[in-house]
>>> print(open('structure_19.csv').read())   # CSV, C-alpha atoms and all ligand atoms
chain,number,residue,atom,x,y,z
A,155,MET,CA,26.5,8.8,13.3
A,156,GLN,CA,24.8,6.0,15.2
A,157,ARG,CA,22.9,3.7,12.9
A,158,ILE,CA,19.7,2.2,14.2
A,159,SER,CA,18.5,-0.9,12.5
A,160,LEU,CA,14.9,-2.0,12.0
A,161,THR,CA,15.4,-4.7,14.6
A,162,GLN,CA,16.5,-2.1,17.2
A,163,PHE,CA,13.7,0.2,16.3
A,164,LEU,CA,11.1,-2.5,16.7
A,165,ILE,CA,12.6,-3.6,20.1
A,166,GLU,CA,12.3,0.1,21.2
A,167,GLN,CA,8.7,0.1,20.1
A,168,GLN,CA,8.0,-3.1,22.0
A,169,ARG,CA,9.7,-1.7,25.2
A,170,ALA,CA,7.5,1.4,24.9
A,171,GLY,CA,4.4,-0.9,24.7
A,172,ARG,CA,3.6,0.1,21.1
A,173,THR,CA,4.0,-3.5,19.7
A,174,THR,CA,3.9,-7.0,21.0
A,175,ALA,CA,6.8,-9.4,20.7
A,176,ASP,CA,4.7,-11.3,18.1
A,177,LEU,CA,4.0,-8.2,16.0
A,178,ARG,CA,7.7,-7.2,16.1
A,179,LEU,CA,8.7,-10.7,14.9
A,180,LEU,CA,6.0,-10.7,12.2
A,181,ILE,CA,7.3,-7.4,10.8
A,182,GLU,CA,10.9,-8.8,10.9
A,183,VAL,CA,9.7,-11.7,8.8
A,184,VAL,CA,8.0,-9.4,6.3
A,185,ALA,CA,11.2,-7.3,6.1
A,186,ARG,CA,13.2,-10.5,5.4
A,187,ALA,CA,10.8,-11.4,2.6
A,188,VAL,CA,11.0,-7.9,1.2
A,189,LYS,CA,14.8,-8.2,1.0
A,190,ALA,CA,14.4,-11.4,-1.0
A,191,ILE,CA,11.9,-9.7,-3.3
A,192,SER,CA,14.3,-6.7,-3.7
A,193,VAL,CA,17.1,-9.0,-4.8
A,194,ASN,CA,14.9,-10.6,-7.5
A,195,VAL,CA,13.6,-7.2,-8.7
A,196,SER,CA,17.1,-5.7,-8.9
A,197,LYS,CA,18.5,-8.7,-10.9
A,198,GLY,CA,15.8,-8.2,-13.5
A,199,ALA,CA,16.7,-9.9,-16.8
A,200,LEU,CA,19.8,-11.4,-15.3
A,201,ALA,CA,17.7,-13.7,-13.1
A,202,GLY,CA,15.0,-14.3,-15.9
A,203,VAL,CA,12.3,-12.7,-13.7
A,204,LEU,CA,10.9,-10.3,-16.2
A,205,GLY,CA,7.8,-10.9,-18.4
A,206,GLU,CA,4.5,-12.7,-18.2
A,207,ALA,CA,3.9,-15.8,-16.0
A,208,GLY,CA,1.4,-17.1,-18.4
A,209,SER,CA,-1.4,-17.2,-15.8
A,210,ASP,CA,-4.3,-14.9,-14.6
A,211,ASN,CA,-4.9,-13.9,-11.0
A,212,VAL,CA,-8.2,-13.8,-9.1
A,213,GLN,CA,-8.7,-10.3,-10.5
A,214,GLY,CA,-8.6,-11.6,-14.0
A,215,GLU,CA,-5.3,-9.8,-14.6
A,216,ALA,CA,-2.4,-11.4,-16.4
A,217,GLN,CA,0.3,-12.2,-13.8
A,218,LYS,CA,3.9,-11.2,-14.3
A,219,LYS,CA,6.6,-13.6,-13.2
A,220,LEU,CA,7.5,-11.2,-10.4
A,221,ASP,CA,3.9,-11.1,-9.1
A,222,VAL,CA,4.1,-14.9,-8.7
A,223,ILE,CA,7.7,-14.9,-7.2
A,224,ALA,CA,6.9,-12.1,-4.7
A,225,ASN,CA,3.7,-13.8,-3.6
A,226,GLU,CA,5.5,-17.1,-3.1
A,227,ILE,CA,8.3,-15.4,-1.1
A,228,LEU,CA,5.9,-13.7,1.2
A,229,ILE,CA,3.8,-16.8,1.8
A,230,GLN,CA,6.8,-19.1,2.4
A,231,ALA,CA,8.5,-16.7,4.7
A,232,ASN,CA,5.5,-16.1,6.8
A,233,GLU,CA,3.7,-19.5,7.1
A,234,TRP,CA,6.1,-21.1,9.5
A,235,GLY,CA,6.9,-18.0,11.6
A,236,GLY,CA,4.4,-18.7,14.3
A,237,HIS,CA,3.0,-15.2,14.5
A,238,LEU,CA,0.0,-15.6,12.1
A,239,ALA,CA,-3.3,-17.3,11.9
A,240,GLY,CA,-3.6,-16.7,8.2
A,241,MET,CA,-2.8,-14.6,5.2
A,242,ALA,CA,-4.6,-13.1,2.2
A,243,SER,CA,-3.0,-11.9,-1.0
A,244,GLU,CA,-4.1,-9.9,-4.0
A,245,GLU,CA,-2.8,-12.7,-6.1
A,246,VAL,CA,-4.7,-15.6,-4.4
A,247,GLU,CA,-8.5,-16.1,-4.5
A,248,ASP,CA,-9.1,-17.6,-1.0
A,249,VAL,CA,-7.7,-16.8,2.4
A,250,ARG,CA,-4.7,-19.0,3.4
A,251,PRO,CA,-4.8,-20.3,6.9
A,252,ILE,CA,-1.5,-21.3,8.4
A,253,PRO,CA,-1.1,-25.1,7.7
A,254,ARG,CA,-1.8,-27.4,10.7
A,255,GLU,CA,1.9,-28.5,11.0
A,256,PHE,CA,3.1,-25.0,11.7
A,257,PRO,CA,2.7,-23.0,15.0
A,258,LYS,CA,0.0,-20.3,14.9
A,259,GLY,CA,-0.2,-16.7,16.2
A,260,GLY,CA,-2.9,-14.1,16.7
A,261,TYR,CA,-2.4,-11.9,13.6
A,262,LEU,CA,-3.7,-11.8,10.0
A,263,LEU,CA,-1.4,-10.6,7.2
A,264,LEU,CA,-2.7,-9.2,3.9
A,265,PHE,CA,-0.5,-8.1,1.0
A,266,ASP,CA,-0.2,-6.9,-2.5
A,267,PRO,CA,3.1,-8.8,-3.2
A,268,LEU,CA,4.1,-6.7,-6.2
A,269,ASP,CA,2.5,-3.3,-6.7
A,270,GLY,CA,2.9,-1.5,-10.1
A,271,SER,CA,3.2,-4.7,-12.1
A,272,SER,CA,2.9,-2.8,-15.4
A,273,ASN,CA,6.3,-1.1,-14.6
A,274,ILE,CA,8.3,-4.3,-14.0
A,275,ASP,CA,9.4,-4.8,-17.6
A,276,VAL,CA,10.3,-1.2,-18.1
A,277,ASN,CA,12.6,-1.0,-15.0
A,278,ILE,CA,10.5,1.6,-13.2
A,279,SER,CA,10.0,1.4,-9.4
A,280,VAL,CA,7.6,-1.2,-8.0
A,281,GLY,CA,6.7,-2.1,-4.4
A,282,THR,CA,5.1,-4.4,-1.9
A,283,ILE,CA,2.2,-3.3,0.3
A,284,PHE,CA,1.1,-5.0,3.6
A,285,SER,CA,-1.5,-4.7,6.3
A,286,VAL,CA,-1.7,-6.5,9.7
A,287,LEU,CA,-5.0,-7.2,11.5
A,288,ARG,CA,-5.7,-9.0,14.8
A,289,CYS,CA,-7.4,-12.4,14.3
A,290,PRO,CA,-10.8,-12.1,16.0
A,291,GLU,CA,-11.3,-14.1,19.2
A,292,GLY,CA,-11.1,-17.8,18.7
A,293,CYS,CA,-10.0,-17.6,15.1
A,294,THR,CA,-7.6,-20.5,14.6
A,295,GLU,CA,-8.6,-21.4,11.1
A,296,PRO,CA,-9.5,-18.0,9.7
A,297,VAL,CA,-12.1,-17.7,7.0
A,298,GLU,CA,-12.8,-14.7,4.8
A,299,ALA,CA,-15.2,-13.1,7.4
A,300,ASP,CA,-12.3,-12.8,9.9
A,301,PHE,CA,-10.4,-10.6,7.5
A,302,LEU,CA,-13.3,-8.3,6.8
A,303,GLN,CA,-12.4,-5.7,9.4
A,304,PRO,CA,-12.4,-1.9,8.8
A,305,GLY,CA,-9.0,-0.3,8.1
A,306,ARG,CA,-9.1,1.6,11.3
A,307,ASP,CA,-8.5,-1.7,13.1
A,308,GLN,CA,-5.2,-2.4,11.4
A,309,VAL,CA,-2.4,-2.8,14.0
A,310,ALA,CA,0.4,-2.2,11.4
A,311,ALA,CA,0.7,-1.3,7.8
A,312,GLY,CA,3.7,-0.7,5.5
A,313,TYR,CA,5.2,-0.9,2.1
A,314,ALA,CA,8.5,-1.5,0.5
A,315,LEU,CA,9.6,0.6,-2.5
A,316,TYR,CA,12.1,-1.1,-4.9
A,317,GLY,CA,13.5,2.1,-6.4
A,318,PRO,CA,17.1,3.3,-6.8
A,319,SER,CA,17.3,2.3,-3.2
A,320,THR,CA,15.0,-0.1,-1.4
A,321,GLN,CA,13.0,1.5,1.4
A,322,LEU,CA,10.6,0.0,4.0
A,323,ILE,CA,8.0,2.4,5.3
A,324,LEU,CA,6.1,1.3,8.4
A,325,THR,CA,3.5,2.4,10.9
A,326,VAL,CA,2.4,0.5,14.1
A,327,GLY,CA,0.1,3.4,15.0
A,328,ASP,CA,2.7,5.8,16.3
A,329,GLY,CA,3.7,7.8,13.3
A,330,VAL,CA,5.3,6.7,10.0
A,331,HIS,CA,8.9,5.6,10.0
A,332,GLY,CA,11.2,4.9,7.0
A,333,PHE,CA,14.1,2.5,6.7
A,334,THR,CA,16.7,2.2,3.8
A,335,LEU,CA,18.2,-1.2,2.9
A,336,ASP,CA,21.9,-1.3,3.3
A,337,ARG,CA,22.6,-3.9,0.6
A,338,GLU,CA,26.2,-4.7,1.7
A,339,MET,CA,25.1,-5.2,5.3
A,340,GLY,CA,21.7,-6.7,4.4
A,341,SER,CA,19.9,-4.7,7.0
A,342,PHE,CA,17.3,-1.9,7.0
A,343,VAL,CA,18.7,1.3,8.6
A,344,TYR,CA,16.4,3.8,10.2
A,345,THR,CA,16.7,6.8,8.0
A,346,HIS,CA,13.3,8.6,8.0
A,347,PRO,CA,11.8,9.1,11.4
A,348,PHE,CA,8.3,10.5,11.7
A,349,MET,CA,7.5,11.2,8.0
A,350,THR,CA,4.8,13.7,7.5
A,351,VAL,CA,2.6,14.8,4.6
A,352,PRO,CA,2.3,18.6,4.4
A,353,VAL,CA,-1.4,19.7,4.7
A,354,ASP,CA,-1.2,21.7,1.4
A,355,THR,CA,0.4,20.8,-1.9
A,356,GLN,CA,1.0,22.1,-5.5
A,357,GLU,CA,1.1,18.6,-7.0
A,358,PHE,CA,-1.5,16.0,-8.0
A,359,ALA,CA,-1.4,12.4,-9.3
A,360,ILE,CA,-4.1,10.9,-11.5
A,361,ASN,CA,-4.2,8.8,-14.6
A,362,ALA,CA,-5.5,11.6,-16.9
A,363,SER,CA,-6.2,9.2,-19.8
A,364,ASN,CA,-9.4,8.4,-17.8
A,365,ALA,CA,-10.6,12.0,-17.7
A,366,ARG,CA,-13.6,11.4,-19.9
A,367,PHE,CA,-14.8,8.7,-17.6
A,368,TRP,CA,-14.5,10.7,-14.3
A,369,GLU,CA,-17.5,11.9,-12.3
A,370,ALA,CA,-18.3,15.6,-12.2
A,371,PRO,CA,-16.7,16.4,-8.8
A,372,ILE,CA,-13.3,15.0,-10.0
A,373,GLN,CA,-13.6,16.7,-13.4
A,374,ARG,CA,-14.2,20.0,-11.5
A,375,TYR,CA,-11.4,19.4,-9.0
A,376,VAL,CA,-8.7,18.5,-11.6
A,377,SER,CA,-9.7,21.2,-14.1
A,378,GLU,CA,-9.5,23.9,-11.5
A,379,MET,CA,-5.9,22.7,-10.7
A,380,GLN,CA,-5.1,22.7,-14.4
A,381,GLU,CA,-6.4,26.2,-14.8
A,382,GLY,CA,-3.5,27.3,-12.6
A,383,LYS,CA,-2.8,30.9,-11.6
A,384,THR,CA,-5.6,32.3,-13.8
A,385,GLY,CA,-8.2,29.8,-12.5
A,386,PRO,CA,-10.2,29.7,-9.2
A,387,ARG,CA,-7.3,28.2,-7.3
A,388,GLY,CA,-5.0,31.2,-8.1
A,389,ARG,CA,-1.8,29.1,-8.4
A,390,ASP,CA,-0.1,26.6,-10.6
A,391,PHE,CA,-0.1,22.9,-9.9
A,392,ASN,CA,2.3,20.2,-11.1
A,393,MET,CA,1.3,16.6,-12.1
A,394,ARG,CA,3.1,13.3,-11.7
A,395,TRP,CA,1.8,9.7,-12.4
A,396,VAL,CA,4.2,6.7,-12.0
A,397,ALA,CA,1.4,4.1,-12.1
A,398,SER,CA,2.9,2.3,-9.2
A,399,MET,CA,0.8,3.3,-6.2
A,400,VAL,CA,3.8,2.7,-3.9
A,401,ALA,CA,6.0,5.1,-5.8
A,402,ASP,CA,3.2,7.7,-6.1
A,403,VAL,CA,2.4,7.5,-2.3
A,404,HIS,CA,6.0,7.6,-1.4
A,405,ARG,CA,6.5,10.8,-3.3
A,406,ILE,CA,3.5,12.2,-1.4
A,407,LEU,CA,5.0,11.1,2.0
A,408,THR,CA,8.2,12.8,1.0
A,409,ARG,CA,7.1,16.1,-0.4
A,410,GLY,CA,3.3,16.2,-0.3
A,411,GLY,CA,0.7,15.8,-3.0
A,412,VAL,CA,-2.7,14.3,-3.7
A,413,PHE,CA,-3.1,10.8,-5.3
A,414,MET,CA,-6.4,9.9,-6.9
A,415,TYR,CA,-7.8,6.7,-8.5
A,416,PRO,CA,-11.5,7.9,-8.3
A,417,LEU,CA,-14.6,6.1,-9.3
A,418,ASP,CA,-15.2,6.4,-13.0
A,419,GLU,CA,-17.4,4.9,-15.7
A,420,LYS,CA,-14.7,2.3,-16.6
A,421,CYS,CA,-14.4,0.9,-13.1
A,422,ARG,CA,-17.8,1.7,-11.6
A,423,ALA,CA,-19.1,-1.9,-12.0
A,424,GLN,CA,-16.3,-3.3,-9.8
A,425,GLY,CA,-16.5,-0.4,-7.3
A,426,GLY,CA,-13.2,1.3,-8.2
A,427,LYS,CA,-9.8,0.3,-9.4
A,428,LEU,CA,-7.6,-0.2,-6.3
A,429,ARG,CA,-8.0,-3.0,-3.8
A,430,LEU,CA,-9.4,-2.1,-0.4
A,431,MET,CA,-7.6,-4.7,1.7
A,432,TYR,CA,-4.2,-4.7,0.0
A,433,GLU,CA,-3.8,-1.2,-1.3
A,434,ALA,CA,-6.3,1.4,0.0
A,435,ASN,CA,-6.4,0.4,3.7
A,436,PRO,CA,-2.7,0.1,4.4
A,437,MET,CA,-1.9,3.3,2.4
A,438,ALA,CA,-4.7,5.1,4.2
A,439,MET,CA,-3.4,4.2,7.6
A,440,ILE,CA,0.1,5.3,6.6
A,441,VAL,CA,-1.1,8.6,5.1
A,442,GLU,CA,-3.3,9.4,8.1
A,443,GLN,CA,-0.5,8.5,10.5
A,444,ALA,CA,1.6,11.0,8.6
A,445,GLY,CA,-1.0,13.7,9.1
A,446,GLY,CA,-2.7,13.4,5.7
A,447,ALA,CA,-6.2,12.2,4.8
A,448,ALA,CA,-7.7,9.3,2.8
A,449,SER,CA,-11.2,9.2,1.4
A,450,THR,CA,-13.2,7.6,-1.3
A,451,GLY,CA,-14.6,11.0,-2.1
A,452,ARG,CA,-17.7,10.0,-0.1
A,453,GLU,CA,-16.3,8.6,3.1
A,454,ARG,CA,-13.1,8.0,5.1
A,455,ILE,CA,-11.4,4.9,3.7
A,456,LEU,CA,-10.5,3.6,7.2
A,457,ASP,CA,-14.2,3.5,8.2
A,458,LEU,CA,-15.3,1.3,5.3
A,459,VAL,CA,-16.7,-2.0,6.4
A,460,PRO,CA,-15.4,-4.5,3.9
A,461,THR,CA,-17.8,-6.9,2.3
A,462,ARG,CA,-15.4,-8.9,0.2
A,463,LEU,CA,-11.7,-9.8,0.4
A,464,HIS,CA,-10.9,-8.6,-3.1
A,465,GLN,CA,-13.2,-5.5,-2.9
A,466,ARG,CA,-12.2,-2.5,-4.9
A,467,VAL,CA,-12.8,1.1,-3.9
A,468,PRO,CA,-12.1,4.7,-5.1
A,469,VAL,CA,-9.1,6.3,-3.5
A,470,ILE,CA,-8.2,10.0,-2.9
A,471,LEU,CA,-5.3,10.4,-0.5
A,472,GLY,CA,-2.5,12.7,0.5
A,473,SER,CA,-2.3,16.4,1.7
A,474,ARG,CA,-5.2,16.9,4.0
A,475,ASN,CA,-6.6,20.2,2.6
A,476,GLU,CA,-6.7,18.8,-0.9
A,477,VAL,CA,-8.4,15.5,0.1
A,478,GLU,CA,-11.0,17.5,2.0
A,479,ARG,CA,-11.5,19.8,-0.9
A,480,ALA,CA,-12.1,16.9,-3.3
A,481,ALA,CA,-14.5,15.3,-0.8
A,482,ARG,CA,-16.3,18.6,-0.4
A,483,TYR,CA,-16.8,18.8,-4.2
A,484,HIS,CA,-18.4,15.3,-4.0
A,485,THR,CA,-20.8,16.5,-1.2
A,486,GLU,CA,-21.7,19.7,-3.2
A,487,ALA,CA,-22.4,17.6,-6.3
A,501,LIG,O1,-2.5,1.6,-15.1
A,501,LIG,P1,-3.3,2.5,-14.3
A,501,LIG,O2,-4.8,2.4,-14.7
A,501,LIG,O3,-2.8,3.9,-14.4
A,501,LIG,O4,-3.3,2.0,-12.8
A,501,LIG,C1,-2.2,2.2,-12.0
A,501,LIG,C2,-2.5,1.7,-10.7
A,501,LIG,O5,-2.7,0.3,-10.7
A,501,LIG,C3,-1.8,-0.3,-9.8
A,501,LIG,O6,-0.7,-0.7,-10.6
A,501,LIG,C4,-2.4,-1.6,-9.3
A,501,LIG,O7,-1.5,-2.4,-8.6
A,501,LIG,P2,-1.0,-3.9,-9.1
A,501,LIG,O8,0.2,-3.8,-10.0
A,501,LIG,O9,-0.7,-4.5,-7.8
A,501,LIG,O10,-2.2,-4.5,-9.8
A,501,LIG,C5,-1.4,0.7,-8.8
A,501,LIG,O11,-0.2,0.5,-8.3
A,501,LIG,C6,-1.4,2.0,-9.7
A,501,LIG,O12,-1.7,3.2,-9.0
A,502,MG,MG,-1.1,-2.9,-6.4
A,503,MG,MG,0.0,-6.4,-7.2
>>> encode(input="structure_19.csv", output="structure tokens", more="lines below")
Ligand SMILES: O=P(O)(O)OC[C@H]1O[C@](O)(COP(=O)(O)O)[C@@H](O)[C@@H]1O
Ligand SMILES: [Mg+2]
Ligand SMILES: [Mg+2]
Amino acid sequence: MQRISLTQFLIEQQRAGRTTADLRLLIEVVARAVKAISVNVSKGALAGVLGEAGSDNVQGEAQKKLDVIANEILIQANEWGGHLAGMASEEVEDVRPIPREFPKGGYLLLFDPLDGSSNIDVNISVGTIFSVLRCPEGCTEPVEADFLQPGRDQVAAGYALYGPSTQLILTVGDGVHGFTLDREMGSFVYTHPFMTVPVDTQEFAINASNARFWEAPIQRYVSEMQEGKTGPRGRDFNMRWVASMVADVHRILTRGGVFMYPLDEKCRAQGGKLRLMYEANPMAMIVEQAGGAASTGRERILDLVPTRLHQRVPVILGSRNEVERAARYHTEA
């Protein structure tokens, strides 16, 4: 069987006019950084990377050592590459323009360096999520406003899943493609062409410990699924919750499902739990490109016009018919 590498895949995309040379090289740099993060994640206690870093991030959350390590790896790998004007990270308060001494490019890179931090110390899958935007005209020293573009303007989005195998999932706006890291060869191999999310599903993902804080439409939607065969849906549903968005979304890309972190009374004041620019937008682009849907319950995620870099939003994404049903319950309420 002929093995196609990520590099070959990206060259093909460039030849077909779906990426620029700069975007191709940018993605290759991200993939190299992801390999380095994967090495650190997989060494775990042997490399002393588990546990707390002893600091808080901009979100006021305690940082794990791996949050800090993954953030540093992504920043260092990308800042001298010449393809970017600036970066923004979930772990860093302000945007980070490319330093003067390095060449600059026309893209902006945003990332959640380590997603699912609460799973690091218990050896459960974690990930990295990234999003690429064009730097607006004339933006050489980007400021926050340059990053505040709706998700529909992303030119690429992807995530890495550090699970039993390390996978890189990518879209440049022409479907969703999956690559598996061959650890011996050190390269990503094209293993999952055109991943799709089935329109219907029998599986949902939500942190049910928040049930008492949910709004009425989500209470209705989830309890109808829990009622199973004898309820209004007339069939049984299964439930899964990894608490690493990357792992939960990857399951949905693989076999369908609906993932929800809705607005609730606990997170209402901050607008939601998940971050728009680093989590919701890239995952929404991937899921839509795979034939699924992504909504806040009230509107399409990719149409939201961001107001803040670290903005949080409610997220309902996955199999299209289920996301539409959950959104309809919001409208009816
Ligand atoms: O612990 P909870 O409330 O179930 O939240 C889990 C969610 O929080 C997140 O861990 C947030 O990601 P970070 O680890 O990047 O902060 C998501 O990956 C996940 O879906
Ligand atoms: Mg995250
Ligand atoms: Mg994170």
>>> residues_near_ligand(input="structure_19.csv", ligand="ligand MG 503 (chain A)", cutoff="9 Å", atoms="all atoms listed in the file", output="CSV table (one decimal) with C-alpha atoms, in the frame of the given file")
chain,number,residue,atom,x,y,z
A,217,GLN,CA,0.3,-12.2,-13.8
A,221,ASP,CA,3.9,-11.1,-9.1
A,243,SER,CA,-3.0,-11.9,-1.0
A,244,GLU,CA,-4.1,-9.9,-4.0
A,245,GLU,CA,-2.8,-12.7,-6.1
A,265,PHE,CA,-0.5,-8.1,1.0
A,266,ASP,CA,-0.2,-6.9,-2.5
A,267,PRO,CA,3.1,-8.8,-3.2
A,268,LEU,CA,4.1,-6.7,-6.2
A,269,ASP,CA,2.5,-3.3,-6.7
A,270,GLY,CA,2.9,-1.5,-10.1
A,271,SER,CA,3.2,-4.7,-12.1
A,281,GLY,CA,6.7,-2.1,-4.4
A,282,THR,CA,5.1,-4.4,-1.9
A,283,ILE,CA,2.2,-3.3,0.3
A,432,TYR,CA,-4.2,-4.7,0.0
A,433,GLU,CA,-3.8,-1.2,-1.3
>>> residues_around(input="structure_19.csv", residues="segment 459-469 of chain A", least_positions_apart="6", cutoff="9 Å", atoms="all atoms listed in the file", output="number ranges by chain")
A: 212-213, 242-244, 247-249, 298-299, 301-305, 413-418, 424-432, 434, 438, 448-451
>>> residues_around(input="structure_19.csv", residues="segment 251-259 of chain A", least_positions_apart="4", cutoff="8 Å", atoms="all atoms listed in the file", output="tab-separated table (two decimals) with C-alpha atoms, in the coordinates of the input")
chain	number	residue	atom	x	y	z
A	176	ASP	CA	4.70	-11.30	18.10
A	233	GLU	CA	3.70	-19.50	7.10
A	234	TRP	CA	6.10	-21.10	9.50
A	235	GLY	CA	6.90	-18.00	11.60
A	236	GLY	CA	4.40	-18.70	14.30
A	237	HIS	CA	3.00	-15.20	14.50
A	238	LEU	CA	0.00	-15.60	12.10
A	239	ALA	CA	-3.30	-17.30	11.90
A	240	GLY	CA	-3.60	-16.70	8.20
A	241	MET	CA	-2.80	-14.60	5.20
A	294	THR	CA	-7.60	-20.50	14.60
A	295	GLU	CA	-8.60	-21.40	11.10
A	296	PRO	CA	-9.50	-18.00	9.70
A	297	VAL	CA	-12.10	-17.70	7.00
>>> closest_residue(input="structure_19.csv", among="A:Val246, A:Val343, A:Asn392, A:Thr334", to="Glu215 of chain A", atoms="all atoms listed in the file")
A:Val246
>>> closest_residue(input="structure_19.csv", among="A:Ala231, A:Val280, A:Phe333, A:Arg482", to="Ala401 of chain A", atoms="all atoms listed in the file")
A:Val280
>>> residues_around(input="structure_19.csv", residues="segment 402-408 of chain A", least_positions_apart="4", cutoff="7 Å", atoms="only C-alpha atoms", output="list in words")
Met349, Thr350, Val351, Trp395, Val396, Ser398, Val412 and Gly472 of chain A
>>> atom_distance(input="structure_19.csv", atom1="atom CA of Glu486 of chain A", atom2="atom CA of Pro386 of chain A")
16.4 Å
>>> closest_residue(input="structure_19.csv", among="A:Lys218, A:Arg474, A:Arg422, A:His484", to="ligand LIG 501 (chain A)", atoms="only C-alpha atoms and all ligand atoms")
A:Lys218
>>> closest_residue(input="structure_19.csv", among="A:Pro436, A:Leu228, A:Ser473, A:Arg178", to="ligand MG 502 (chain A)", atoms="only C-alpha atoms and all ligand atoms")
A:Pro436
>>> atom_distance(input="structure_19.csv", atom1="atom CA of Leu322 of chain A", atom2="atom C1 of ligand LIG 501 (chain A)")
20.6 Å
